[in-house]
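Source file data-v8.txt; content: compact mmCIF, C-alpha atoms.
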```txt
# COMPACT_ATOMS: atom_id res chain seq x y z
CA MET E 791 75.57 95.42 107.49
CA PRO E 792 75.48 93.22 104.40
CA HIS E 793 78.59 93.06 102.27
CA HIS E 794 78.51 92.42 98.58
CA ALA E 795 80.90 89.91 97.13
CA SER E 796 83.14 91.64 94.68
CA ARG E 797 86.50 90.89 93.23
CA HIS E 798 89.25 93.16 94.49
CA LEU E 799 91.36 95.02 91.95
CA ALA E 800 94.34 94.69 94.29
CA GLU E 801 94.87 93.24 97.75
CA GLY E 802 97.21 93.82 100.64
CA PRO E 803 97.52 91.84 103.85
CA ARG E 804 94.37 93.34 105.44
CA VAL E 805 92.44 95.22 102.74
CA GLY E 806 91.45 95.04 99.13
CA ILE E 807 90.32 97.81 96.82
CA ARG E 808 87.36 97.61 94.49
CA HIS E 809 85.21 99.97 92.50
CA PHE E 810 82.05 101.57 93.90
CA THR E 811 78.72 99.95 93.06
CA TYR E 812 75.24 101.35 93.49
CA GLU E 813 74.54 98.43 95.84
CA ASP E 814 77.09 99.80 98.34
CA GLY E 815 74.83 102.74 99.17
CA ALA E 816 73.28 101.48 102.41
CA GLU E 817 76.59 100.55 104.02
CA PHE E 818 78.46 103.59 102.68
CA THR E 819 75.89 106.11 103.90
CA ALA E 820 75.55 104.42 107.31
CA ARG E 821 79.33 104.54 107.73
CA ALA E 822 79.38 108.19 106.59
CA ARG E 823 76.71 109.10 109.16
CA GLU E 824 78.68 107.29 111.90
CA SER E 825 81.80 109.23 110.87
CA LYS E 826 80.47 112.80 110.75
CA ASP E 827 82.57 113.91 113.74
CA LEU E 828 85.71 112.39 112.22
CA HIS E 829 85.13 114.04 108.83
CA HIS E 830 84.02 117.51 109.89
CA PRO E 831 85.21 120.09 108.78
CA TRP E 832 87.36 118.43 106.11
CA LEU E 833 85.05 116.20 104.19
CA PHE E 834 81.35 115.59 103.53
CA PRO E 835 80.65 112.20 101.96
CA PRO E 836 77.03 111.41 101.08
CA THR E 837 74.80 110.35 103.97
CA THR E 838 71.52 109.68 102.13
CA ALA E 839 70.58 107.13 99.49
CA GLN E 840 69.80 109.82 96.92
CA ALA E 841 73.10 111.65 97.51
CA TYR E 842 75.04 108.37 97.36
CA THR E 843 73.43 107.39 94.05
CA ALA E 844 74.47 110.72 92.49
CA TYR E 845 77.98 110.53 94.01
CA ALA E 846 78.59 106.90 93.01
CA GLY E 847 77.12 107.57 89.56
CA ARG E 848 79.75 110.21 88.86
CA LEU E 849 82.52 107.84 89.96
CA ILE E 850 81.12 104.91 87.98
CA GLU E 851 80.17 106.71 84.78
CA ASP E 852 82.60 109.62 84.36
CA PRO E 853 85.86 108.50 82.68
CA SER E 854 87.71 111.41 84.32
CA LYS E 855 87.09 109.80 87.73
CA ALA E 856 87.89 106.47 89.35
CA GLY E 857 86.42 105.59 92.73
CA PHE E 858 87.72 102.86 95.02
CA LEU E 859 86.34 101.38 98.21
CA VAL E 860 88.89 100.16 100.73
CA CYS E 861 87.41 96.95 102.15
CA GLU E 862 88.61 94.79 105.01
CA LYS E 863 89.50 91.33 103.75
CA SER E 864 88.32 89.66 106.96
CA ASP E 865 84.65 90.58 106.56
CA GLY E 866 84.29 92.84 103.50
CA ALA E 867 83.43 95.91 105.61
CA ILE E 868 84.03 99.23 103.88
CA ALA E 869 86.87 100.91 105.79
CA GLY E 870 87.05 104.02 103.61
CA PHE E 871 87.19 105.36 100.09
CA ILE E 872 89.77 106.82 97.73
CA ASN E 873 88.81 108.66 94.57
CA ILE E 874 90.97 109.77 91.68
CA ASN E 875 89.36 112.91 90.26
CA ASN E 876 90.23 115.10 87.30
CA ILE E 877 92.08 112.35 85.45
CA VAL E 878 93.86 113.94 82.52
CA GLU E 879 95.52 111.80 79.87
CA GLY E 880 97.93 112.75 77.10
CA GLY E 881 101.12 114.49 78.18
CA PHE E 882 99.82 115.02 81.72
CA GLN E 883 98.73 111.46 82.78
CA SER E 884 97.66 112.77 86.17
CA GLY E 885 94.85 112.74 88.70
CA ALA E 886 93.85 114.35 91.99
CA LEU E 887 93.16 112.11 94.98
CA GLY E 888 90.50 112.53 97.61
CA TYR E 889 89.96 110.08 100.44
CA GLY E 890 88.33 109.40 103.75
CA ALA E 891 88.41 106.70 106.41
CA PHE E 892 85.30 105.66 108.26
CA ALA E 893 85.33 105.97 112.05
CA HIS E 894 85.43 102.23 112.79
CA ALA E 895 88.59 101.91 110.68
CA ALA E 896 90.40 105.16 111.58
CA GLY E 897 93.86 104.83 113.08
CA ARG E 898 94.26 101.16 112.16
CA GLY E 899 96.53 101.58 109.12
CA LEU E 900 93.88 100.30 106.72
CA MET E 901 93.77 103.50 104.67
CA ARG E 902 97.53 103.54 104.32
CA GLU E 903 97.41 100.03 102.92
CA GLY E 904 94.50 101.02 100.69
CA LEU E 905 96.21 104.17 99.43
CA ASP E 906 99.32 102.18 98.55
CA LEU E 907 97.09 99.81 96.56
CA VAL E 908 95.35 102.68 94.74
CA VAL E 909 98.70 104.30 93.88
CA GLY E 910 99.90 100.96 92.48
CA HIS E 911 96.69 100.60 90.47
CA ALA E 912 96.92 104.19 89.19
CA PHE E 913 100.53 103.77 88.08
CA GLY E 914 99.87 100.27 86.75
CA PRO E 915 96.59 99.52 84.94
CA LEU E 916 95.48 103.18 84.75
CA ARG E 917 98.92 104.18 83.40
CA LEU E 918 99.00 107.51 85.22
CA HIS E 919 102.30 109.25 85.91
CA ARG E 920 101.40 111.59 88.77
CA LEU E 921 98.88 111.80 91.61
CA GLU E 922 98.22 114.89 93.73
CA ILE E 923 96.51 115.25 97.11
CA ASN E 924 95.27 118.66 98.23
CA VAL E 925 94.98 118.86 102.03
CA GLN E 926 93.93 121.63 104.38
CA PRO E 927 96.93 122.45 106.60
CA GLY E 928 95.08 121.60 109.83
CA ASN E 929 94.11 118.10 108.69
CA ALA E 930 96.95 116.28 110.44
CA ALA E 931 95.60 112.77 109.79
CA SER E 932 95.33 113.34 106.05
CA ILE E 933 98.79 114.89 105.88
CA ALA E 934 100.22 111.96 107.83
CA LEU E 935 98.62 109.53 105.38
CA ALA E 936 100.02 111.36 102.36
CA ARG E 937 103.49 111.57 103.91
CA GLY E 938 103.38 107.94 105.07
CA CYS E 939 102.58 106.75 101.55
CA GLY E 940 105.56 108.58 100.07
CA PHE E 941 103.91 111.75 98.74
CA ARG E 942 106.10 114.86 98.85
CA LEU E 943 104.99 118.34 99.82
CA GLU E 944 105.15 120.48 96.68
CA GLY E 945 103.54 123.71 97.73
CA PHE E 946 100.84 125.78 99.34
CA SER E 947 97.80 127.25 97.60
CA PRO E 948 95.82 129.94 99.42
CA LYS E 949 92.03 129.79 99.07
CA MET E 950 92.32 126.82 96.68
CA LEU E 951 89.12 124.81 97.25
CA PHE E 952 85.62 125.67 98.44
CA VAL E 953 84.98 123.48 101.51
CA ASP E 954 82.39 123.85 104.27
CA GLY E 955 81.14 127.22 103.05
CA ALA E 956 84.46 128.99 102.44
CA TRP E 957 87.52 129.02 100.22
CA ARG E 958 90.21 127.09 102.10
CA ASP E 959 94.00 127.03 101.93
CA HIS E 960 95.54 123.71 100.89
CA GLU E 961 98.92 122.04 100.85
CA ARG E 962 99.74 120.18 97.63
CA TRP E 963 101.25 116.72 98.06
CA ALA E 964 102.24 114.61 95.03
CA ILE E 965 103.82 111.36 93.97
CA THR E 966 105.08 110.25 90.56
CA THR E 967 105.96 106.87 89.16
CA GLU E 968 109.66 107.71 89.45
CA MET E 969 109.28 108.13 93.21
CA ILE E 970 108.24 104.50 93.50
CA ASN E 971 111.31 102.74 92.17
CA PRO E 972 111.43 99.90 92.69
CA PRO E 973 107.62 99.54 92.76
CA ARG E 974 106.02 98.91 96.14
CA PRO E 975 105.09 95.32 96.86
CA ARG E 976 101.41 94.61 96.37
```
Would you encode the structure as structure tokens?
Amino acid sequence: MPHHASRHLAEGPRVGIRHFTYEDGAEFTARARESKDLHHPWLFPPTTAQAYTAYAGRLIEDPSKAGFLVCEKSDGAIAGFININNIVEGGFQSGALGYGAFAHAAGRGLMREGLDLVVGHAFGPLRLHRLEINVQPGNAASIALARGCGFRLEGFSPKMLFVDGAWRDHERWAITTEMINPPRPR
């Protein structure tokens, strides 16, 4: 799959993060189709060009969202994605994270590295104070990622989000700038 040269916003040893572009659609949707079994029933990223254009457009154009692609430094391949949704400024300075690895990258630690980079970017240039991840209790991989990146379990919300045709229970995991002191190396 072709990879588009793009400057990373932050880099770790194996991955860099960058914003979504419309040109990423072919690779993103192919990876999403390859990863359906991994994602179901937790997540449903776009699998068609039209759906990707609408999805990426919201992340690119809506100031209350910031979308990041986690890309392997070795070849530029998209390993996954991390989005900050519902960004609220003022006294709140907070956002809600959503993320997904693609099947070829799952279990390799690339998303952990990418999530650390996104947290650093959120607490640095975006000047946010708090990030929250809402995870269905049965999604062990997502919970392990949140825990591994230093998020703390804050609570349980029954029937919180509408996912896969039903209202689903979610655990609430969060991290604040104070929890990363000293800041993580980038």
E:Arg902 environment, 8 Å, only C-alpha atoms, sequence neighbours closer than 3 positions dropped, as a PDB file with C-alpha atoms, in the coordinates of the input:
```pdb
ATOM      1  CA  GLY E 899      96.530 101.580 109.120  1.00  0.00           C
ATOM      2  CA  LEU E 905      96.210 104.170  99.430  1.00  0.00           C
ATOM      3  CA  ASP E 906      99.320 102.180  98.550  1.00  0.00           C
ATOM      4  CA  LEU E 935      98.620 109.530 105.380  1.00  0.00           C
ATOM      5  CA  GLY E 938     103.380 107.940 105.070  1.00  0.00           C
ATOM      6  CA  CYS E 939     102.580 106.750 101.550  1.00  0.00           C
TER       7      CYS E 939
END
```
Exercise: stretch 887-895 of chain E partners within 8 Å, only C-alpha atoms, chain neighbours under 3 positions left out, as a VMD selection string: chain E and resid 821 to 822 824 to 825 828 to 829 833 868 to 875 898 900 to 901 921 to 924
Atom CA of E:Leu918 to atom CA of E:Gly885, distance in Å rounded to a single decimal: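 Answer for the atom CA of E:Leu918 to atom CA of E:Gly885 separation: 7.5 Å.
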Around the point (75.5, 114.2, 100.5) (coordinates from the file), which residues reach within 12 Å if we count only C-alpha atoms? Answer as a PDB file with C-alpha atoms, in the coordinates of the input.
```pdb
ATOM      1  CA  GLY E 815      74.830 102.740  99.170  1.00  0.00           C
ATOM      2  CA  PHE E 818      78.460 103.590 102.680  1.00  0.00           C
ATOM      3  CA  THR E 819      75.890 106.110 103.900  1.00  0.00           C
ATOM      4  CA  ALA E 820      75.550 104.420 107.310  1.00  0.00           C
ATOM      5  CA  ALA E 822      79.380 108.190 106.590  1.00  0.00           C
ATOM      6  CA  ARG E 823      76.710 109.100 109.160  1.00  0.00           C
ATOM      7  CA  LYS E 826      80.470 112.800 110.750  1.00  0.00           C
ATOM      8  CA  LEU E 833      85.050 116.200 104.190  1.00  0.00           C
ATOM      9  CA  PHE E 834      81.350 115.590 103.530  1.00  0.00           C
ATOM     10  CA  PRO E 835      80.650 112.200 101.960  1.00  0.00           C
ATOM     11  CA  PRO E 836      77.030 111.410 101.080  1.00  0.00           C
ATOM     12  CA  THR E 837      74.800 110.350 103.970  1.00  0.00           C
ATOM     13  CA  THR E 838      71.520 109.680 102.130  1.00  0.00           C
ATOM     14  CA  ALA E 839      70.580 107.130  99.490  1.00  0.00           C
ATOM     15  CA  GLN E 840      69.800 109.820  96.920  1.00  0.00           C
ATOM     16  CA  ALA E 841      73.100 111.650  97.510  1.00  0.00           C
ATOM     17  CA  TYR E 842      75.040 108.370  97.360  1.00  0.00           C
ATOM     18  CA  THR E 843      73.430 107.390  94.050  1.00  0.00           C
ATOM     19  CA  ALA E 844      74.470 110.720  92.490  1.00  0.00           C
ATOM     20  CA  TYR E 845      77.980 110.530  94.010  1.00  0.00           C
ATOM     21  CA  ALA E 846      78.590 106.900  93.010  1.00  0.00           C
TER      22      ALA E 846
END
```
Atom-to-atom span, atom CA of E:Val878 and atom CA of E:Trp963, Å: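 Taking atom CA of E:Val878 and atom CA of E:Trp963, their separation equals 17.4 Å.
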d(atom CA of E:Glu944, atom CA of E:Ser884) in Å: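 Taking atom CA of E:Glu944 and atom CA of E:Ser884, their separation equals 15.0 Å.
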Among the residues E:Ala886, E:Leu849, E:Ala896, E:Val805, the one that comes closest to E:Ser864 [using all atoms listed in the file]: E:Val805
